[in-house]
Each structure stands twice: as C-alpha cells, then as structure tokens.
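Q: Contents of protein-v3.txt (compact mmCIF, C-alpha atoms) are below:
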```txt
# COMPACT_ATOMS: atom_id res chain seq x y z
CA MET A 1 107.03 104.46 80.51
CA LEU A 2 108.74 102.46 83.24
CA ALA A 3 111.41 105.14 83.49
CA LEU A 4 108.72 107.78 83.92
CA ILE A 5 107.13 105.82 86.76
CA PHE A 6 110.55 105.39 88.37
CA LEU A 7 111.28 109.10 88.08
CA ILE A 8 107.96 109.93 89.73
CA ILE A 9 108.42 107.50 92.64
CA PHE A 10 112.17 108.02 93.02
CA PRO A 11 112.12 111.39 94.85
CA PHE A 12 109.81 110.03 97.54
CA ALA A 13 111.88 106.88 98.06
CA LEU A 14 115.09 108.92 98.10
CA TYR A 15 113.64 111.32 100.66
CA LYS A 16 112.55 108.44 102.91
CA ALA A 17 115.98 106.77 102.68
CA TRP A 18 117.77 110.08 103.33
CA LYS A 19 115.56 110.80 106.39
CA ASN A 20 116.31 107.29 107.68
CA VAL A 21 120.08 107.91 107.41
CA GLN A 22 119.70 111.30 109.12
CA MET A 23 117.68 109.73 111.94
CA ALA A 24 120.32 107.00 112.32
CA LYS A 25 123.05 109.63 112.64
CA ALA A 26 120.99 111.57 115.19
CA SER A 27 120.27 108.42 117.22
CA VAL A 28 123.88 108.38 118.45
CA SER A 29 123.08 111.32 120.72
CA TRP A 30 119.66 110.05 121.90
CA PRO A 31 119.17 109.38 125.62
CA THR A 32 119.05 105.74 126.66
CA THR A 33 116.94 103.73 129.04
CA THR A 34 116.73 100.10 130.09
CA GLY A 35 114.32 97.84 128.25
CA LYS A 36 113.33 94.19 128.15
CA ILE A 37 113.06 91.86 125.14
CA THR A 38 109.49 90.53 124.95
CA ALA A 39 109.75 88.59 121.65
CA SER A 40 112.61 87.36 119.51
CA GLN A 41 111.71 85.55 116.30
CA THR A 42 112.08 85.57 112.53
CA ALA A 43 109.57 86.94 110.05
CA LYS A 44 109.30 86.74 106.26
CA VAL A 45 109.62 90.20 104.78
CA MET A 46 109.61 90.47 100.99
CA PHE A 47 110.54 86.78 100.58
CA ARG A 48 113.45 87.17 102.99
CA ARG A 49 113.91 85.90 106.51
CA GLN A 50 114.40 88.87 108.84
CA PRO A 51 114.76 89.17 112.63
CA ARG A 52 111.74 90.51 114.50
CA ILE A 53 112.68 91.71 118.00
CA THR A 54 110.01 93.28 120.20
CA TYR A 55 111.06 95.13 123.34
CA SER A 56 109.39 97.26 125.97
CA TYR A 57 110.85 100.27 127.75
CA SER A 58 109.64 103.30 129.68
CA VAL A 59 110.40 106.99 129.36
CA ASN A 60 109.44 109.30 132.26
CA GLY A 61 107.19 106.55 133.62
CA ALA A 62 105.27 106.04 130.35
CA PRO A 63 105.52 102.51 128.88
CA PHE A 64 106.43 102.01 125.22
CA THR A 65 106.91 99.03 122.91
CA ALA A 66 109.05 99.02 119.77
CA GLN A 67 110.54 96.63 117.19
CA ARG A 68 113.34 98.61 115.56
CA ILE A 69 116.68 96.90 115.97
CA SER A 70 118.60 99.45 113.93
CA PHE A 71 117.91 101.80 111.05
CA ALA A 72 118.98 99.22 108.45
CA GLY A 73 116.47 98.49 105.71
CA GLY A 74 117.09 94.76 106.02
CA TYR A 75 119.62 92.17 107.10
CA ARG A 76 121.64 89.63 105.18
CA PRO A 77 120.59 86.01 105.79
CA LYS A 78 123.85 85.23 107.59
CA ASP A 79 123.21 88.10 110.06
CA VAL A 80 119.72 86.97 111.18
CA ASP A 81 120.73 84.22 113.62
CA PRO A 82 123.49 86.25 115.34
CA ILE A 83 121.02 89.11 115.87
CA LEU A 84 118.44 86.76 117.38
CA ALA A 85 121.16 85.28 119.63
CA ARG A 86 122.15 88.79 120.78
CA TYR A 87 118.59 89.58 121.88
CA PRO A 88 117.01 86.53 123.59
CA VAL A 89 113.55 86.85 125.18
CA GLY A 90 113.69 88.20 128.73
CA SER A 91 117.09 89.84 128.46
CA GLU A 92 117.61 93.43 129.48
CA VAL A 93 118.84 95.80 126.78
CA THR A 94 119.81 99.42 126.39
CA VAL A 95 117.22 101.28 124.34
CA ALA A 96 118.00 104.62 122.71
CA HIS A 97 114.95 106.80 122.13
CA ASP A 98 114.18 110.11 120.47
CA PRO A 99 113.73 112.70 123.24
CA GLN A 100 111.05 114.55 121.21
CA HIS A 101 109.19 111.38 120.16
CA PRO A 102 109.81 108.56 122.66
CA THR A 103 107.97 106.07 120.42
CA GLU A 104 110.97 106.24 118.06
CA ALA A 105 113.56 103.90 119.55
CA ALA A 106 116.37 101.59 118.49
CA LEU A 107 118.58 98.95 120.06
CA GLU A 108 121.53 99.76 117.78
CA THR A 109 122.25 103.39 116.92
CA GLY A 110 124.29 105.10 114.22
CA ALA A 111 124.59 104.86 110.47
CA ASN A 112 126.60 101.90 109.20
CA LYS A 113 126.89 100.29 105.75
CA GLN A 114 123.55 98.52 106.08
CA VAL A 115 121.78 101.76 106.99
CA THR A 116 123.19 103.67 104.02
CA ALA A 117 122.76 100.74 101.60
CA GLN A 118 119.19 101.70 100.70
CA LEU A 119 120.28 105.24 99.78
CA ARG A 120 123.25 103.98 97.75
CA ILE A 121 121.10 101.48 95.83
CA LEU A 122 118.51 104.15 94.99
CA LEU A 123 121.20 106.52 93.72
CA ILE A 124 122.81 103.80 91.59
CA CYS A 125 119.40 102.88 90.11
CA PHE A 126 118.70 106.53 89.37
CA VAL A 127 122.02 106.97 87.57
CA LEU A 128 121.42 103.78 85.56
CA VAL A 129 117.89 104.80 84.53
CA VAL A 130 119.07 108.25 83.45
CA ALA A 131 122.04 106.77 81.55
CA VAL A 132 119.86 104.22 79.73
CA ASN A 133 117.37 106.93 78.77
CA ILE A 134 120.09 109.24 77.46
CA LEU A 135 121.66 106.36 75.55
CA SER A 136 118.33 105.27 74.00
CA TYR A 137 117.57 108.87 73.03
CA TYR A 138 120.99 109.13 71.40
CA VAL A 139 120.58 105.82 69.54
CA LYS A 140 117.13 106.83 68.30
CA GLY A 141 118.66 110.08 67.05
CA LEU A 142 121.30 108.17 65.10
CA ASN A 143 118.68 105.99 63.44
CA LYS A 144 116.64 108.95 62.19
CA LYS A 145 117.46 110.62 58.91
CA SER A 146 118.61 114.18 59.28
CA GLY A 147 115.82 116.61 58.52
CA PRO A 148 112.07 116.29 58.36
CA PRO A 149 110.37 113.65 56.20
CA ILE A 150 110.04 114.64 52.55
CA ARG A 151 106.72 114.14 50.79
CA THR A 152 107.25 113.12 47.18
CA TYR A 153 103.66 112.83 46.00
CA GLY A 154 104.74 110.21 43.46
CA LEU A 155 107.61 112.26 42.05
CA VAL A 156 110.06 109.46 42.74
CA GLU A 157 108.12 107.12 40.46
CA LEU A 158 107.80 109.87 37.85
CA ILE A 159 111.55 110.47 37.94
CA LYS A 160 112.23 106.74 37.63
CA GLY A 161 109.89 106.63 34.65
CA ARG A 162 111.66 109.51 32.94
CA THR A 163 115.00 107.84 33.50
CA MET A 164 113.69 104.70 31.84
CA ALA A 165 112.19 106.81 29.07
CA SER A 166 115.51 108.47 28.39
CA GLN A 167 117.20 105.08 28.30
CA CYS A 168 114.64 103.70 25.88
CA ALA A 169 114.11 106.86 23.80
CA ARG A 170 115.87 105.30 20.86
CA ASP A 171 113.45 102.35 20.84
CA PRO A 172 110.11 103.15 19.16
CA ALA A 173 108.49 100.01 20.67
CA TYR A 174 108.81 101.57 24.12
CA PHE A 175 106.66 104.51 23.11
CA PHE A 176 103.94 102.19 21.79
CA GLY A 177 103.87 100.16 25.06
CA VAL A 178 105.62 97.14 23.69
CA ALA A 179 108.21 96.89 26.46
CA GLU A 180 108.98 93.75 28.38
CA ALA A 181 107.41 93.23 31.83
CA ASP A 182 110.70 93.52 33.67
CA GLY A 183 111.11 97.10 32.42
CA ARG A 184 113.77 96.54 29.80
CA CYS A 185 113.27 97.94 26.34
CA VAL A 186 112.51 95.47 23.54
```
Starting from the file, give its structure as structure tokens.
A:
Amino acid sequence: MLALIFLIIFPFALYKAWKNVQMAKASVSWPTTTGKITASQTAKVMFRRQPRITYSYSVNGAPFTAQRISFAGGYRPKDVDPILARYPVGSEVTVAHDPQHPTEAALETGANKQVTAQLRILLICFVLVVAVNILSYYVKGLNKKSGPPIRTYGLVELIKGRTMASQCARDPAYFFGVAEADGRCV
C-alpha cells in the first residue's frame, strides 16, 4: 500500500524537482539588478536549521522582495553560517531575476550538486521501491505451489483410510472396529 501511495505521489514530486533544475539552469542567463539584504537569519525547516535571507530589488522601477538564495532544496548544517556571513543585513547584492516573471529571483544561479540532489534522491527512491516490489512479487511466487489449489472434498482422508485398510486386511479385528487408537492393527 505504501508503494502505491509513493507511486501516485512520485510523478508530481519528480516533475517539481525537474522543473526546479530546469529553472536553475535557465537562471544563468537571467538579467541581473542590484538588491539589498533586508533580513539575514536562520529558520527551522523540517527539523533542520536553514538560512533565511530576505532581499529587495527593483525591475523597471517596480519593487520586489524575495527569499530564494539558490535553487537548492536545502543546505547542509555546515553551510548555513557561511551563507549567513556572505549576506549580512544592509549589504548590496546582485540579484538575478526571470525576465518574464520578475518575482522569480535568486542570489546564486545555476544548477550545482545541491540543486540536483532532490532529483537524484527521488530517482534513487523510485528505483528502490520498484526493486523491492519486484523482489517481493518474485518471492511470493516462489512460495506458492505451482498450479491452482486442488479441492479434495475429503478424498485424502478416504485414500489414507484405504491404505490402512489394505495394510490391515489380513487382520479380522480391524474390520470389526477393534483397532488400537493410534491406528495400528491389533
């Protein structure tokens, strides 16, 4: 059941991660403008400490505010403090923005290992889920008897009884019901 849920959600997560990588690659050619850091702090995101940088910039005279540092899904704990040190409050920064949608902006452009990590992890999880399902299907197939179940309707007991009868045919006490409880002939 868990695999089914994963397989339903997986395409959407994969699409989102793939679009993020594509946007990161496209951001290299985005126009840039000058911006100013308005907040530089840490925030807890999914039990992890992450940098939260807020900056303001203007495009064609229209003011905008954004928080995207890069297109990475998250940062390692050892990277948080250096990022905060790179972007102190009040400093001027270069902001790259999407020419079609100026609200989409980033301080660091391009697709690096951290940007593609989300896509790689999703693909690895997908391969593992598919492999485990194929393996469990194969193991279940090995445990099943070949062929459909056979209904005996008591024939097995009848056959066992005949076998005992043929073994005890020489003993007249067997035919009169004077056999021992463990099934041996008297």
Q: When you look at Ala96 of chain A with a cut-off of 8 Å (counting all atoms listed in the file), what residues show up, excluding the ones that are within fewer than 5 positions of it in the same chain? I need them as an mmCIF file with C-alpha atoms, in the coordinates of the input.
A:
```
data_model
loop_
_atom_site.group_PDB
_atom_site.id
_atom_site.type_symbol
_atom_site.label_atom_id
_atom_site.label_comp_id
_atom_site.auth_asym_id
_atom_site.auth_seq_id
_atom_site.Cartn_x
_atom_site.Cartn_y
_atom_site.Cartn_z
ATOM 1 C CA SER A 27 120.270 108.420 117.220
ATOM 2 C CA TRP A 30 119.660 110.050 121.900
ATOM 3 C CA PRO A 31 119.170 109.380 125.620
ATOM 4 C CA THR A 32 119.050 105.740 126.660
ATOM 5 C CA THR A 33 116.940 103.730 129.040
ATOM 6 C CA ALA A 105 113.560 103.900 119.550
ATOM 7 C CA ALA A 106 116.370 101.590 118.490
ATOM 8 C CA LEU A 107 118.580 98.950 120.060
ATOM 9 C CA GLU A 108 121.530 99.760 117.780
ATOM 10 C CA THR A 109 122.250 103.390 116.920
#
```
Q: In terms of the shortest atom-to-atom distance over only C-alpha atoms, which of A:Val21, A:Leu142, A:Leu128, A:Val95 is closest to Gly35 of chain A?
A: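 Of the candidates, the smallest distance to Gly35 of chain A is held by A:Val95.
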Q: Show me the residues close to (115.1, 101.4, 89.7) - anything with an atom within 9 Å, counting only C-alpha atoms - and format the list as a PDB file with C-alpha atoms, in the frame of the given file.
A:
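Now in selection03.pdb:
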```pdb
ATOM      1  CA  ALA A   3     111.410 105.140  83.490  1.00  0.00           C
ATOM      2  CA  PHE A   6     110.550 105.390  88.370  1.00  0.00           C
ATOM      3  CA  LEU A   7     111.280 109.100  88.080  1.00  0.00           C
ATOM      4  CA  PHE A  10     112.170 108.020  93.020  1.00  0.00           C
ATOM      5  CA  ILE A 121     121.100 101.480  95.830  1.00  0.00           C
ATOM      6  CA  LEU A 122     118.510 104.150  94.990  1.00  0.00           C
ATOM      7  CA  LEU A 123     121.200 106.520  93.720  1.00  0.00           C
ATOM      8  CA  ILE A 124     122.810 103.800  91.590  1.00  0.00           C
ATOM      9  CA  CYS A 125     119.400 102.880  90.110  1.00  0.00           C
ATOM     10  CA  PHE A 126     118.700 106.530  89.370  1.00  0.00           C
ATOM     11  CA  LEU A 128     121.420 103.780  85.560  1.00  0.00           C
ATOM     12  CA  VAL A 129     117.890 104.800  84.530  1.00  0.00           C
TER      13      VAL A 129
END
```
Q: Contacts of Ile69 of chain A at 12 Å or less, counting only C-alpha atoms, minus same-chain residues fewer than 3 places along, as a ChimeraX atom specification?
A: /A:24,37,40,50-55,66,72-75,80,83-84,86-87,93-97,104-110,115
Q: Determine the nearest neighbour of Asn112 of chain A from the options A:Ala39, A:Val59, A:Leu14, A:Val28, counting all atoms listed in the file.
A: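 For Asn112 of chain A, the nearest of the candidates is A:Val28.
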Q: Taking 3 positions as the minimum chain separation for residues in the same chain, which residues sit within 9 Å of Met23 of chain A when counting only C-alpha atoms? Answer as a list in words.
A: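 The residues that qualify are Trp18, Lys19, Asn20, Ala26, Ser27, Phe71, Gly110 and Ala111 of chain A.
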Q: Find the residues near Ser91 of chain A: any atom within 6 Å, counting all atoms listed in the file, skip ones fewer than 2 places away on the same chain, and give them as JSON, numbers by chain.
A: {"A": [36, 37, 88, 89]}
Q: Please produce a file of those selected residues containing C-alpha atoms, as a PDB file, in the frame of the given file.
A:
```
ATOM      1  CA  LYS A  36     113.330  94.190 128.150  1.00  0.00           C
ATOM      2  CA  ILE A  37     113.060  91.860 125.140  1.00  0.00           C
ATOM      3  CA  PRO A  88     117.010  86.530 123.590  1.00  0.00           C
ATOM      4  CA  VAL A  89     113.550  86.850 125.180  1.00  0.00           C
TER       5      VAL A  89
END
```
Q: Distance atom CA of Arg120 of chain A-atom CA of Tyr137 of chain A, one decimal place?
A: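 A separation of 25.8 Å between them.
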